[in-house]
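For reference, run.cif (mmCIF, C-alpha atoms and all ligand atoms):
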data_coords
#
loop_
_atom_site.label_atom_id
_atom_site.label_comp_id
_atom_site.auth_asym_id
_atom_site.auth_seq_id
_atom_site.Cartn_x
_atom_site.Cartn_y
_atom_site.Cartn_z
CA MET E 11 16.61 0.08 -1.10
CA LYS E 12 14.44 -0.47 -4.15
CA LYS E 13 10.76 0.38 -3.70
CA LYS E 14 8.63 -2.72 -4.09
CA ILE E 15 5.57 -2.29 -6.29
CA ILE E 16 3.03 -5.00 -6.88
CA ARG E 17 0.69 -4.54 -9.74
CA VAL E 18 -2.46 -6.63 -9.89
CA HIS E 19 -4.71 -7.39 -12.83
CA GLY E 20 -7.20 -10.02 -13.83
CA THR E 21 -8.76 -9.39 -17.24
CA ARG E 22 -7.69 -8.85 -20.84
CA PRO E 23 -8.02 -5.05 -20.98
CA GLU E 24 -6.13 -4.56 -17.73
CA ALA E 25 -3.29 -6.78 -18.97
CA ILE E 26 -2.99 -4.83 -22.22
CA LYS E 27 -2.93 -1.47 -20.48
CA MET E 28 -0.66 -2.56 -17.61
CA ALA E 29 1.97 -4.29 -19.76
CA PRO E 30 3.79 -1.15 -20.98
CA LEU E 31 3.78 0.19 -17.43
CA VAL E 32 5.38 -2.96 -16.03
CA GLU E 33 8.10 -2.65 -18.68
CA ALA E 34 8.70 0.97 -17.69
CA ILE E 35 8.83 0.19 -13.96
CA ARG E 36 11.08 -2.83 -14.50
CA GLY E 37 13.37 -0.68 -16.63
CA ASP E 38 14.00 1.63 -13.67
CA ASP E 39 16.57 0.65 -11.03
CA ALA E 40 14.62 2.48 -8.33
CA PHE E 41 11.90 -0.16 -8.36
CA GLU E 42 11.23 -3.83 -7.96
CA CYS E 43 8.01 -4.83 -9.73
CA ILE E 44 6.01 -7.92 -8.83
CA VAL E 45 3.19 -9.02 -11.14
CA CYS E 46 0.14 -10.66 -9.61
CA VAL E 47 -2.78 -11.89 -11.70
CA THR E 48 -6.13 -12.87 -10.28
CA ALA E 49 -7.07 -14.62 -13.55
CA GLN E 50 -10.65 -13.38 -13.34
CA HIS E 51 -10.18 -14.19 -17.03
CA ARG E 52 -8.04 -17.15 -18.02
CA GLU E 53 -7.66 -17.60 -21.80
CA MET E 54 -8.05 -13.93 -22.68
CA LEU E 55 -5.68 -12.84 -19.92
CA ASP E 56 -3.02 -15.38 -20.91
CA GLN E 57 -3.36 -14.38 -24.57
CA ALA E 58 -2.69 -10.72 -23.70
CA MET E 59 0.18 -11.55 -21.32
CA ASP E 60 1.87 -13.78 -23.91
CA ILE E 61 1.95 -11.06 -26.56
CA PHE E 62 3.82 -8.76 -24.19
CA GLY E 63 6.02 -11.59 -22.89
CA LEU E 64 4.73 -11.00 -19.36
CA LYS E 65 4.89 -13.72 -16.70
CA ALA E 66 2.96 -13.62 -13.44
CA ASP E 67 4.89 -13.92 -10.19
CA TYR E 68 1.63 -14.78 -8.38
CA ASP E 69 -1.45 -16.30 -10.00
CA LEU E 70 -4.67 -16.61 -7.97
CA ASP E 71 -6.23 -18.63 -10.83
CA LEU E 72 -9.76 -17.54 -9.87
CA MET E 73 -11.82 -17.98 -13.04
CA ARG E 74 -14.69 -20.43 -12.66
CA PRO E 75 -17.53 -21.26 -15.07
CA GLY E 76 -20.56 -19.17 -14.18
CA GLN E 77 -18.58 -16.97 -11.78
CA THR E 78 -20.48 -14.10 -10.20
CA LEU E 79 -19.40 -10.64 -9.14
CA THR E 80 -19.63 -11.84 -5.54
CA SER E 81 -17.44 -14.88 -6.11
CA ILE E 82 -14.82 -12.81 -7.98
CA THR E 83 -14.78 -10.16 -5.24
CA ALA E 84 -14.51 -12.69 -2.42
CA GLY E 85 -11.78 -14.65 -4.23
CA VAL E 86 -9.69 -11.55 -4.94
CA LEU E 87 -10.04 -10.25 -1.37
CA GLU E 88 -8.95 -13.53 0.19
CA GLY E 89 -6.24 -14.31 -2.34
CA MET E 90 -4.76 -10.83 -2.23
CA GLU E 91 -4.59 -10.84 1.56
CA THR E 92 -2.18 -13.78 1.41
CA VAL E 93 -0.10 -12.29 -1.42
CA LEU E 94 0.16 -8.89 0.24
CA LYS E 95 1.17 -10.40 3.59
CA GLN E 96 3.85 -12.43 1.85
CA THR E 97 5.25 -9.69 -0.37
CA GLU E 98 4.81 -6.59 1.85
CA PRO E 99 4.94 -4.11 -1.07
CA ASP E 100 5.37 -0.34 -0.74
CA LEU E 101 2.55 0.26 -3.23
CA VAL E 102 -0.19 -1.69 -5.01
CA LEU E 103 -1.03 -0.63 -8.57
CA VAL E 104 -4.46 -1.46 -9.96
CA HIS E 105 -6.03 -0.51 -13.25
CA GLY E 106 -9.38 0.77 -14.43
CA ASP E 107 -12.81 -0.46 -13.42
CA THR E 108 -12.88 -4.22 -13.14
CA THR E 109 -13.94 -6.19 -10.09
CA THR E 110 -10.33 -7.34 -9.80
CA SER E 111 -9.15 -3.70 -9.56
CA PHE E 112 -11.71 -2.70 -6.97
CA ALA E 113 -11.28 -5.82 -4.81
CA ALA E 114 -7.47 -5.73 -5.02
CA GLY E 115 -7.60 -2.05 -4.00
CA LEU E 116 -9.80 -2.92 -1.04
CA ALA E 117 -7.49 -5.81 -0.05
CA ALA E 118 -4.54 -3.38 -0.07
CA PHE E 119 -6.49 -0.87 1.99
CA TYR E 120 -7.21 -3.56 4.59
CA GLN E 121 -3.44 -4.17 4.84
CA ARG E 122 -2.86 -0.38 5.01
CA ILE E 123 -0.78 -0.46 1.85
CA PRO E 124 -1.08 2.58 -0.45
CA VAL E 125 -2.90 2.09 -3.74
CA GLY E 126 -2.14 3.71 -7.11
CA HIS E 127 -5.04 3.76 -9.58
CA VAL E 128 -4.08 3.74 -13.25
CA GLU E 129 -6.85 5.11 -15.54
CA ALA E 130 -8.41 7.10 -12.70
CA GLY E 131 -11.23 9.62 -12.96
CA LEU E 132 -13.35 8.12 -15.76
CA ARG E 133 -17.06 8.58 -15.08
CA SER E 134 -20.28 7.79 -16.94
CA TYR E 135 -22.30 9.21 -14.04
CA ASP E 136 -24.71 6.28 -14.25
CA LEU E 137 -24.01 3.69 -11.56
CA LEU E 138 -25.91 1.05 -13.51
CA SER E 139 -24.10 1.61 -16.81
CA PRO E 140 -21.52 0.32 -17.32
CA TYR E 141 -22.46 -2.13 -14.58
CA PRO E 142 -20.70 -2.76 -12.25
CA GLU E 143 -17.72 -0.85 -13.68
CA GLU E 144 -18.93 2.67 -12.79
CA MET E 145 -19.16 1.73 -9.11
CA ASN E 146 -15.88 -0.18 -9.30
CA ARG E 147 -13.96 2.85 -10.53
CA CYS E 148 -15.64 5.29 -8.13
CA VAL E 149 -14.75 3.08 -5.17
CA THR E 150 -11.22 2.43 -6.48
CA ASP E 151 -10.62 6.18 -6.78
CA ARG E 152 -11.79 6.56 -3.18
CA LEU E 153 -9.44 3.78 -2.03
CA ALA E 154 -6.41 5.10 -3.93
CA LEU E 155 -3.76 7.51 -2.74
CA LEU E 156 -2.29 8.09 -6.19
CA HIS E 157 -4.44 8.72 -9.25
CA PHE E 158 -3.08 8.46 -12.79
CA ALA E 159 -5.75 10.21 -14.84
CA PRO E 160 -5.55 9.93 -18.65
CA THR E 161 -7.14 13.29 -19.58
CA ALA E 162 -7.93 16.77 -18.25
CA GLN E 163 -11.60 15.73 -18.11
CA ASN E 164 -10.67 12.80 -15.84
CA VAL E 165 -8.70 15.17 -13.57
CA ALA E 166 -11.74 17.47 -13.41
CA ASN E 167 -14.04 14.54 -12.58
CA LEU E 168 -11.81 13.65 -9.62
CA ALA E 169 -11.67 17.27 -8.47
CA ALA E 170 -15.48 17.45 -8.52
CA GLU E 171 -15.43 14.61 -5.96
CA GLY E 172 -12.88 16.43 -3.82
CA ILE E 173 -9.95 14.28 -4.99
CA THR E 174 -7.14 16.70 -5.78
CA ALA E 175 -4.09 15.29 -3.95
CA GLY E 176 -1.88 12.72 -5.66
CA VAL E 177 -3.52 13.31 -9.05
CA TYR E 178 -1.33 13.12 -12.16
CA LYS E 179 -2.50 13.68 -15.75
CA THR E 180 -0.54 11.09 -17.71
CA GLY E 181 -2.42 10.03 -20.85
CA ASN E 182 -3.63 6.45 -21.23
CA THR E 183 -1.18 3.54 -21.36
CA VAL E 184 -3.35 1.99 -24.10
CA ILE E 185 -1.66 4.36 -26.56
CA ASP E 186 1.76 3.13 -25.38
CA ALA E 187 0.58 -0.42 -26.17
CA LEU E 188 -0.90 0.58 -29.52
CA HIS E 189 2.38 2.15 -30.67
CA ARG E 190 4.13 -1.18 -30.10
CA MET E 191 1.58 -3.30 -31.92
CA VAL E 192 0.59 -1.68 -35.22
CA ARG E 193 2.95 -2.36 -38.15
CA PRO E 194 2.61 -1.85 -41.91
CA GLY E 195 2.47 -5.22 -43.72
CA TYR E 196 1.68 -7.03 -40.47
CA VAL E 197 0.67 -10.68 -40.97
CA PHE E 198 -2.11 -11.83 -38.63
CA HIS E 199 -1.37 -14.63 -36.15
CA SER E 200 -4.96 -15.88 -36.29
CA ALA E 201 -5.60 -18.38 -39.09
CA GLN E 202 -9.31 -17.51 -38.84
CA LEU E 203 -8.50 -13.91 -39.63
CA ARG E 204 -6.12 -14.72 -42.47
CA ASP E 205 -9.02 -16.45 -44.26
CA ILE E 206 -11.18 -13.31 -44.36
CA PRO E 207 -10.94 -11.04 -47.44
CA LEU E 208 -10.25 -7.65 -45.87
CA GLU E 209 -10.47 -5.84 -49.21
CA LYS E 210 -14.25 -6.10 -48.80
CA GLN E 211 -15.95 -3.31 -46.87
CA THR E 212 -15.56 -4.53 -43.29
CA VAL E 213 -17.00 -3.55 -39.94
CA LEU E 214 -15.36 -4.75 -36.74
CA LEU E 215 -17.94 -5.61 -34.07
CA THR E 216 -17.46 -6.35 -30.38
CA ALA E 217 -20.19 -6.67 -27.76
CA HIS E 218 -19.95 -8.23 -24.33
CA ARG E 219 -21.07 -5.81 -21.60
CA ARG E 220 -23.13 -7.16 -18.71
CA GLU E 221 -25.80 -4.45 -18.97
CA ASN E 222 -26.30 -5.34 -22.67
CA LEU E 223 -26.70 -9.09 -22.04
CA GLY E 224 -30.20 -10.11 -23.15
CA LYS E 225 -32.37 -7.35 -24.63
CA GLY E 226 -29.61 -4.88 -25.55
CA MET E 227 -27.54 -7.50 -27.29
CA ARG E 228 -30.56 -8.86 -29.18
CA GLN E 229 -31.27 -5.36 -30.47
CA ILE E 230 -27.62 -4.86 -31.47
CA PHE E 231 -27.53 -8.19 -33.32
CA ALA E 232 -30.85 -7.36 -35.02
CA ALA E 233 -29.19 -4.20 -36.38
CA VAL E 234 -26.35 -6.33 -37.77
CA GLN E 235 -28.91 -8.62 -39.43
CA GLN E 236 -30.65 -5.65 -41.05
CA LEU E 237 -27.39 -4.13 -42.26
CA CYS E 238 -26.35 -7.44 -43.83
CA ALA E 239 -29.68 -7.65 -45.65
CA ALA E 240 -29.39 -4.05 -46.92
CA TYR E 241 -25.71 -4.29 -48.00
CA PRO E 242 -24.89 -7.70 -49.54
CA GLU E 243 -21.23 -6.70 -50.03
CA LEU E 244 -20.71 -5.67 -46.40
CA GLN E 245 -19.02 -8.03 -43.94
CA PHE E 246 -18.75 -8.01 -40.15
CA ILE E 247 -15.92 -9.50 -38.12
CA TYR E 248 -16.93 -10.27 -34.55
CA PRO E 249 -14.34 -11.76 -32.18
CA VAL E 250 -16.76 -13.19 -29.66
CA HIS E 251 -16.13 -12.90 -25.92
CA PRO E 252 -15.96 -16.39 -24.29
CA ASN E 253 -18.82 -15.61 -21.87
CA PRO E 254 -21.33 -18.43 -22.70
CA GLN E 255 -24.25 -15.97 -22.57
CA VAL E 256 -22.61 -13.87 -25.29
CA ARG E 257 -21.53 -16.88 -27.37
CA GLN E 258 -24.97 -18.48 -27.35
CA LEU E 259 -26.86 -15.41 -28.53
CA ALA E 260 -24.22 -14.48 -31.12
CA GLN E 261 -24.35 -17.98 -32.54
CA GLN E 262 -28.15 -18.05 -32.49
CA MET E 263 -28.72 -14.66 -34.16
CA LEU E 264 -25.62 -14.23 -36.35
CA GLY E 265 -24.17 -17.73 -36.77
CA GLY E 266 -26.19 -18.44 -39.92
CA LEU E 267 -25.20 -15.24 -41.75
CA PRO E 268 -22.38 -15.72 -44.29
CA GLN E 269 -21.59 -11.99 -44.06
CA VAL E 270 -20.83 -12.25 -40.34
CA ARG E 271 -17.57 -13.89 -39.28
CA LEU E 272 -17.84 -15.06 -35.69
CA ILE E 273 -14.27 -15.73 -34.60
CA ASP E 274 -12.40 -16.49 -31.37
CA PRO E 275 -11.01 -13.59 -29.31
CA LEU E 276 -7.97 -12.15 -31.03
CA ASP E 277 -4.64 -11.51 -29.43
CA VAL E 278 -4.03 -7.82 -28.97
CA GLN E 279 -1.53 -7.46 -31.80
CA ASP E 280 -4.00 -8.97 -34.29
CA MET E 281 -6.74 -6.79 -32.81
CA HIS E 282 -4.85 -3.51 -33.09
CA ASN E 283 -3.73 -4.25 -36.65
CA LEU E 284 -7.26 -5.35 -37.58
CA ILE E 285 -8.70 -2.06 -36.31
CA SER E 286 -6.24 -0.21 -38.53
CA ARG E 287 -7.53 -2.10 -41.60
CA VAL E 288 -11.34 -2.10 -41.20
CA TYR E 289 -13.77 0.56 -42.45
CA PHE E 290 -15.29 1.32 -39.08
CA VAL E 291 -15.93 -0.16 -35.63
CA MET E 292 -19.15 -0.93 -33.73
CA THR E 293 -18.50 -1.72 -30.08
CA ASP E 294 -19.62 -1.62 -26.47
CA SER E 295 -16.01 -1.91 -25.28
CA GLY E 296 -14.17 0.82 -23.43
CA GLY E 297 -10.68 0.21 -24.81
CA LEU E 298 -11.79 0.21 -28.45
CA GLN E 299 -13.22 3.71 -27.97
CA GLU E 300 -9.64 4.81 -27.32
CA GLU E 301 -7.78 2.68 -29.86
CA ALA E 302 -9.93 3.17 -32.96
CA PRO E 303 -9.89 7.01 -32.83
CA ALA E 304 -6.10 6.92 -32.47
CA LEU E 305 -6.03 4.87 -35.69
CA GLY E 306 -8.43 7.20 -37.52
CA LYS E 307 -11.37 4.78 -37.56
CA PRO E 308 -14.94 5.92 -36.88
CA VAL E 309 -16.61 4.23 -33.92
CA LEU E 310 -20.31 3.67 -33.22
CA VAL E 311 -20.65 3.02 -29.49
CA LEU E 312 -23.31 0.42 -28.66
CA ARG E 313 -24.11 1.87 -25.26
CA THR E 314 -26.35 4.51 -23.79
CA GLU E 315 -23.50 6.44 -22.16
CA THR E 316 -19.74 6.72 -22.23
CA GLU E 317 -17.07 7.50 -19.67
CA ARG E 318 -14.84 8.49 -22.59
CA PRO E 319 -16.46 11.65 -23.99
CA GLU E 320 -13.21 13.07 -25.40
CA ALA E 321 -13.31 11.36 -28.81
CA VAL E 322 -17.07 11.98 -29.06
CA GLU E 323 -16.36 15.70 -28.68
CA MET E 324 -13.67 15.44 -31.36
CA GLY E 325 -16.13 13.77 -33.76
CA THR E 326 -14.56 10.32 -34.30
CA VAL E 327 -16.90 8.48 -31.93
CA ARG E 328 -20.71 8.59 -31.98
CA MET E 329 -23.10 7.21 -29.41
CA ALA E 330 -25.36 4.81 -31.30
CA GLY E 331 -27.13 3.42 -28.24
CA ILE E 332 -28.72 -0.03 -28.15
CA GLU E 333 -31.89 0.55 -30.20
CA THR E 334 -31.85 -1.31 -33.52
CA ALA E 335 -33.21 1.53 -35.66
CA GLN E 336 -30.71 4.12 -34.45
CA ILE E 337 -27.72 1.77 -34.85
CA VAL E 338 -28.83 0.99 -38.41
CA ARG E 339 -29.38 4.68 -39.18
CA LEU E 340 -25.88 5.72 -38.04
CA ALA E 341 -24.20 2.78 -39.77
CA ARG E 342 -26.04 3.58 -43.03
CA GLN E 343 -24.82 7.15 -42.81
CA LEU E 344 -21.22 5.96 -42.56
CA LEU E 345 -21.72 3.52 -45.44
CA GLU E 346 -23.54 5.88 -47.80
CA ASP E 347 -22.29 9.38 -47.07
CA PRO E 348 -18.57 9.78 -47.85
CA ALA E 349 -18.55 13.32 -46.40
CA GLU E 350 -19.94 12.00 -43.12
CA TYR E 351 -17.40 9.17 -43.13
CA ASP E 352 -14.49 11.54 -43.80
CA LYS E 353 -15.67 13.84 -41.04
CA MET E 354 -15.45 10.96 -38.55
CA ALA E 355 -12.36 9.23 -39.93
CA ASN E 356 -9.92 11.69 -38.46
CA ALA E 357 -7.07 10.35 -36.44
CA VAL E 358 -7.65 12.02 -33.11
CA ASN E 359 -6.01 10.97 -29.96
CA PRO E 360 -7.09 12.69 -26.79
CA TYR E 361 -5.57 9.83 -24.78
CA GLY E 362 -1.90 10.68 -24.86
CA ASP E 363 1.23 10.44 -26.95
CA GLY E 364 2.44 6.97 -25.99
CA THR E 365 4.46 8.17 -22.98
CA ALA E 366 1.87 7.49 -20.25
CA SER E 367 3.92 4.67 -18.70
CA ALA E 368 7.05 6.83 -18.50
CA GLN E 369 4.99 9.65 -16.96
CA ILE E 370 3.49 7.31 -14.36
CA CYS E 371 6.97 6.01 -13.55
CA ALA E 372 8.20 9.58 -13.02
CA ALA E 373 5.19 10.31 -10.78
CA LEU E 374 5.96 7.20 -8.73
CA LYS E 375 9.52 8.43 -8.21
CA GLU E 376 8.20 11.80 -7.10
CA TYR E 377 5.84 10.10 -4.65
CA PHE E 378 8.65 8.03 -3.16
CA GLY E 379 10.91 11.11 -2.95
CA LEU E 380 13.41 9.60 -5.40
CA ILE E 381 13.71 12.72 -7.61
C1 LIG E 401 -14.88 -8.14 -17.27
C2 LIG E 401 -14.92 -6.73 -16.70
C3 LIG E 401 -15.25 -5.75 -17.81
C4 LIG E 401 -14.33 -5.88 -18.99
C5 LIG E 401 -14.34 -7.31 -19.43
C6 LIG E 401 -13.37 -7.51 -20.56
C7 LIG E 401 -15.75 -6.73 -14.39
C8 LIG E 401 -16.92 -6.55 -13.52
N1 LIG E 401 -15.98 -6.62 -15.70
O1 LIG E 401 -16.20 -8.47 -17.67
O2 LIG E 401 -15.14 -4.44 -17.30
O3 LIG E 401 -14.83 -5.09 -20.05
O4 LIG E 401 -13.98 -8.17 -18.34
O5 LIG E 401 -13.59 -8.74 -21.15
O6 LIG E 401 -14.66 -6.96 -13.90
N2 LIG E 401 -14.69 -16.16 -19.71
C9 LIG E 401 -13.99 -17.27 -20.18
N3 LIG E 401 -12.68 -17.11 -20.55
C10 LIG E 401 -12.03 -15.92 -20.44
C11 LIG E 401 -12.74 -14.81 -19.96
C12 LIG E 401 -14.07 -14.95 -19.60
O7 LIG E 401 -14.53 -18.34 -20.28
O8 LIG E 401 -10.83 -15.85 -20.78
C13 LIG E 401 -16.10 -16.33 -19.33
C14 LIG E 401 -16.27 -16.95 -17.96
O9 LIG E 401 -17.22 -17.95 -18.06
C15 LIG E 401 -16.82 -15.85 -17.11
C16 LIG E 401 -17.52 -14.95 -18.12
O10 LIG E 401 -16.75 -15.08 -19.33
O11 LIG E 401 -17.69 -16.38 -16.14
C17 LIG E 401 -17.61 -13.50 -17.75
O12 LIG E 401 -16.35 -13.01 -17.29
P1 LIG E 401 -16.26 -11.91 -16.13
O13 LIG E 401 -14.82 -11.64 -15.83
O14 LIG E 401 -17.12 -12.34 -14.99
O15 LIG E 401 -16.91 -10.65 -16.79
P2 LIG E 401 -16.66 -9.90 -18.16
O16 LIG E 401 -17.99 -9.70 -18.79
O17 LIG E 401 -15.59 -10.58 -18.95
N1 LIG E 402 -9.24 -6.91 -27.61
C1 LIG E 402 -8.41 -7.94 -28.04
N2 LIG E 402 -8.97 -9.01 -28.69
C2 LIG E 402 -10.31 -9.10 -28.90
C3 LIG E 402 -11.15 -8.06 -28.44
C4 LIG E 402 -10.58 -6.98 -27.78
O1 LIG E 402 -7.20 -7.87 -27.88
O2 LIG E 402 -10.75 -10.10 -29.48
C5 LIG E 402 -8.63 -5.76 -26.91
C6 LIG E 402 -9.02 -4.40 -27.44
O3 LIG E 402 -8.20 -4.03 -28.51
C7 LIG E 402 -8.84 -3.54 -26.21
C8 LIG E 402 -9.26 -4.46 -25.10
O4 LIG E 402 -9.09 -5.79 -25.58
O5 LIG E 402 -7.49 -3.23 -25.98
C9 LIG E 402 -10.69 -4.17 -24.76
O6 LIG E 402 -11.15 -5.20 -24.01
P1 LIG E 402 -12.66 -5.49 -23.75
O7 LIG E 402 -13.50 -5.05 -24.88
O8 LIG E 402 -12.71 -6.91 -23.34
O9 LIG E 402 -12.94 -4.64 -22.43
P2 LIG E 402 -13.15 -3.11 -22.08
O10 LIG E 402 -12.18 -2.25 -22.80
O11 LIG E 402 -14.56 -2.81 -22.42
O12 LIG E 402 -12.94 -3.12 -20.61
#
What would you get if you wrote out this structure as structure tokens?
Ligand code: UD1
Ligand code: UDP
Amino acid sequence: MKKKIIRVHGTRPEAIKMAPLVEAIRGDDAFECIVCVTAQHREMLDQAMDIFGLKADYDLDLMRPGQTLTSITAGVLEGMETVLKQTEPDLVLVHGDTTTSFAAGLAAFYQRIPVGHVEAGLRSYDLLSPYPEEMNRCVTDRLALLHFAPTAQNVANLAAEGITAGVYKTGNTVIDALHRMVRPGYVFHSAQLRDIPLEKQTVLLTAHRRENLGKGMRQIFAAVQQLCAAYPELQFIYPVHPNPQVRQLAQQMLGGLPQVRLIDPLDVQDMHNLISRVYFVMTDSGGLQEEAPALGKPVLVLRTETERPEAVEMGTVRMAGIETAQIVRLARQLLEDPAEYDKMANAVNPYGDGTASAQICAALKEYFGLI
């Protein structure tokens, strides 16, 4: 009898990081793999699924304008109860730190179905930053029986909380995805991107985190304004998250600057190839802190903490924070000091060798007593 695994995801980053794992599980005769999406995100999720040719077997279609953490949690809990009762899986796989992951893990726990947590053990040790992701991942690790931890640090974080059983160090599946996407001579799908002269010195910017909405984001955008004024040849590319609160402020503060290209969210293949071609990255995203170092691109993190200290320790990522002056100072250093740039532009990859999905698959077989 094949073991039935249902993997659940709802947002863009989860889709990107789960896709290689679904392929690996589906490629193994020991398993049947059902894909369920909550669609906490709609356009961005579909965009990521399409690139990997993934189709959902179940779609809760939850996204609503102005949705709140409460409405997402309640929708996932109720929707997943029905799906889990119908499918009766042997294991539920969730990923990372989103509200979808946490609520789907809780829904599985209520049905007494074991949970596997992919990207387990990341910690910022500040429950309010990233908010609510730090709490989401702590609770998901508590709910899970199996923990697929990307790095030794993540394994140690789990151990410090007394979680030592069912822990596997596997690397991060984001590297598996990256290996599939980046190609020399790649031609971008996005017409918006094809119109931008990438031979100019270019910084890739992303900013969307809840805890940065408002003051933090205003300070970040003020830094971009100052950098544009100081370096007339510099350009920024900012694929803007569809959250209306992000869109409005980005448009208001950066929309009038010819050096800043505000574009629609990119599909993941465009995104990964764009990272490989820009000068450096400024971001508050989690995934980009893993991808850019693997591609040898310096990263300034627009946050006060990180749950991904590995690339900071290796020198490719620096914490810039959310104060305008400090962001400008660190960006100027990268732009003006070639030695500093070269020191950071080392391809380092503490997140695995692109075999995380295969390793997770092997761990699943071990868990089910199939090897
Ligand atoms: C969520 C995750 C965050 C992840 C991010 C990636 C939680 C708590 N947070 O945050 O960890 O970094 O996704 O993007 O799960 N929207 C659209 N179309 C889309 C996607 C979003 O219109 O395709 C809009 C919706 O109006 C929605 C808003 O963006 O209300 C915010 O989305 P939400 O999923 O609530 O939070 P994110 O900030 O995206
Ligand atoms: N990404 C993408 N298109 C974009 C912006 C980001 O494909 O326009 C990818 C990015 O390469 C990474 C993931 O989405 O793999 C990160 O997602 P996001 O920043 O939304 O969330 P986080 O990683 O912070 O959870």
Please return as a list in words the residues found within 7 Å of ligand LIG 402 (chain E), counting only C-alpha atoms and all ligand atoms. Arg22, Pro23, Ile26, Ala58, Val184, Thr216, Pro249, Val250, Asp274, Pro275, Leu276, Asp277, Val278, Gln279, Met281, His282, Asp294, Ser295, Gly296, Gly297, Leu298 and Glu301 of chain E
Distance filter 9 Å around ligand LIG 401 (chain E), atoms: all atoms listed in the file, out as JSON, numbers by chain: {"E": [20, 21, 22, 23, 24, 49, 50, 51, 52, 53, 54, 55, 56, 57, 73, 74, 75, 76, 77, 78, 79, 82, 106, 107, 108, 109, 110, 111, 112, 140, 141, 142, 143, 146, 218, 219, 220, 251, 252, 253, 254, 255, 256, 275, 294, 295, 296, 297]}
Would you save the residues from that selection as an mmCIF file, in the frame of the given file, using C-alpha atoms?
data_model
loop_
_atom_site.group_PDB
_atom_site.id
_atom_site.type_symbol
_atom_site.label_atom_id
_atom_site.label_comp_id
_atom_site.auth_asym_id
_atom_site.auth_seq_id
_atom_site.Cartn_x
_atom_site.Cartn_y
_atom_site.Cartn_z
ATOM 1 C CA GLY E 20 -7.200 -10.020 -13.830
ATOM 2 C CA THR E 21 -8.760 -9.390 -17.240
ATOM 3 C CA ARG E 22 -7.690 -8.850 -20.840
ATOM 4 C CA PRO E 23 -8.020 -5.050 -20.980
ATOM 5 C CA GLU E 24 -6.130 -4.560 -17.730
ATOM 6 C CA ALA E 49 -7.070 -14.620 -13.550
ATOM 7 C CA GLN E 50 -10.650 -13.380 -13.340
ATOM 8 C CA HIS E 51 -10.180 -14.190 -17.030
ATOM 9 C CA ARG E 52 -8.040 -17.150 -18.020
ATOM 10 C CA GLU E 53 -7.660 -17.600 -21.800
ATOM 11 C CA MET E 54 -8.050 -13.930 -22.680
ATOM 12 C CA LEU E 55 -5.680 -12.840 -19.920
ATOM 13 C CA ASP E 56 -3.020 -15.380 -20.910
ATOM 14 C CA GLN E 57 -3.360 -14.380 -24.570
ATOM 15 C CA MET E 73 -11.820 -17.980 -13.040
ATOM 16 C CA ARG E 74 -14.690 -20.430 -12.660
ATOM 17 C CA PRO E 75 -17.530 -21.260 -15.070
ATOM 18 C CA GLY E 76 -20.560 -19.170 -14.180
ATOM 19 C CA GLN E 77 -18.580 -16.970 -11.780
ATOM 20 C CA THR E 78 -20.480 -14.100 -10.200
ATOM 21 C CA LEU E 79 -19.400 -10.640 -9.140
ATOM 22 C CA ILE E 82 -14.820 -12.810 -7.980
ATOM 23 C CA GLY E 106 -9.380 0.770 -14.430
ATOM 24 C CA ASP E 107 -12.810 -0.460 -13.420
ATOM 25 C CA THR E 108 -12.880 -4.220 -13.140
ATOM 26 C CA THR E 109 -13.940 -6.190 -10.090
ATOM 27 C CA THR E 110 -10.330 -7.340 -9.800
ATOM 28 C CA SER E 111 -9.150 -3.700 -9.560
ATOM 29 C CA PHE E 112 -11.710 -2.700 -6.970
ATOM 30 C CA PRO E 140 -21.520 0.320 -17.320
ATOM 31 C CA TYR E 141 -22.460 -2.130 -14.580
ATOM 32 C CA PRO E 142 -20.700 -2.760 -12.250
ATOM 33 C CA GLU E 143 -17.720 -0.850 -13.680
ATOM 34 C CA ASN E 146 -15.880 -0.180 -9.300
ATOM 35 C CA HIS E 218 -19.950 -8.230 -24.330
ATOM 36 C CA ARG E 219 -21.070 -5.810 -21.600
ATOM 37 C CA ARG E 220 -23.130 -7.160 -18.710
ATOM 38 C CA HIS E 251 -16.130 -12.900 -25.920
ATOM 39 C CA PRO E 252 -15.960 -16.390 -24.290
ATOM 40 C CA ASN E 253 -18.820 -15.610 -21.870
ATOM 41 C CA PRO E 254 -21.330 -18.430 -22.700
ATOM 42 C CA GLN E 255 -24.250 -15.970 -22.570
ATOM 43 C CA VAL E 256 -22.610 -13.870 -25.290
ATOM 44 C CA PRO E 275 -11.010 -13.590 -29.310
ATOM 45 C CA ASP E 294 -19.620 -1.620 -26.470
ATOM 46 C CA SER E 295 -16.010 -1.910 -25.280
ATOM 47 C CA GLY E 296 -14.170 0.820 -23.430
ATOM 48 C CA GLY E 297 -10.680 0.210 -24.810
#
Which residues are near region 352-361 of chain E? Cut-off 7 Å, all atoms listed in the file, ignore same chain within fewer than 4 positions. Put them as a PyMOL selection string. chain E and resi 160-161+181-182+185+300+303-308+320-321+325-326+348
Surrounding residues of Ile337 (chain E) excluding itself and chain neighbours under 4 positions, 9 Å, all atoms listed in the file, as a list in words: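 That gives Ile230, Ala233, Val234, Leu310, Val311, Leu312, Met329, Ala330, Gly331, Ile332, Glu333, Ala341 and Arg342 of chain E.
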Distance in Å - CA of Ala130 (chain E) versus CA of Ile35 (chain E):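 For CA of Ala130 (chain E) relative to CA of Ile35 (chain E), the distance reads 18.6 Å.
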Among the residues E:Asn164, E:Asn283, E:Thr293, E:Ala154, the one that comes closest to Ser134 (chain E) [using all atoms listed in the file]: E:Asn164
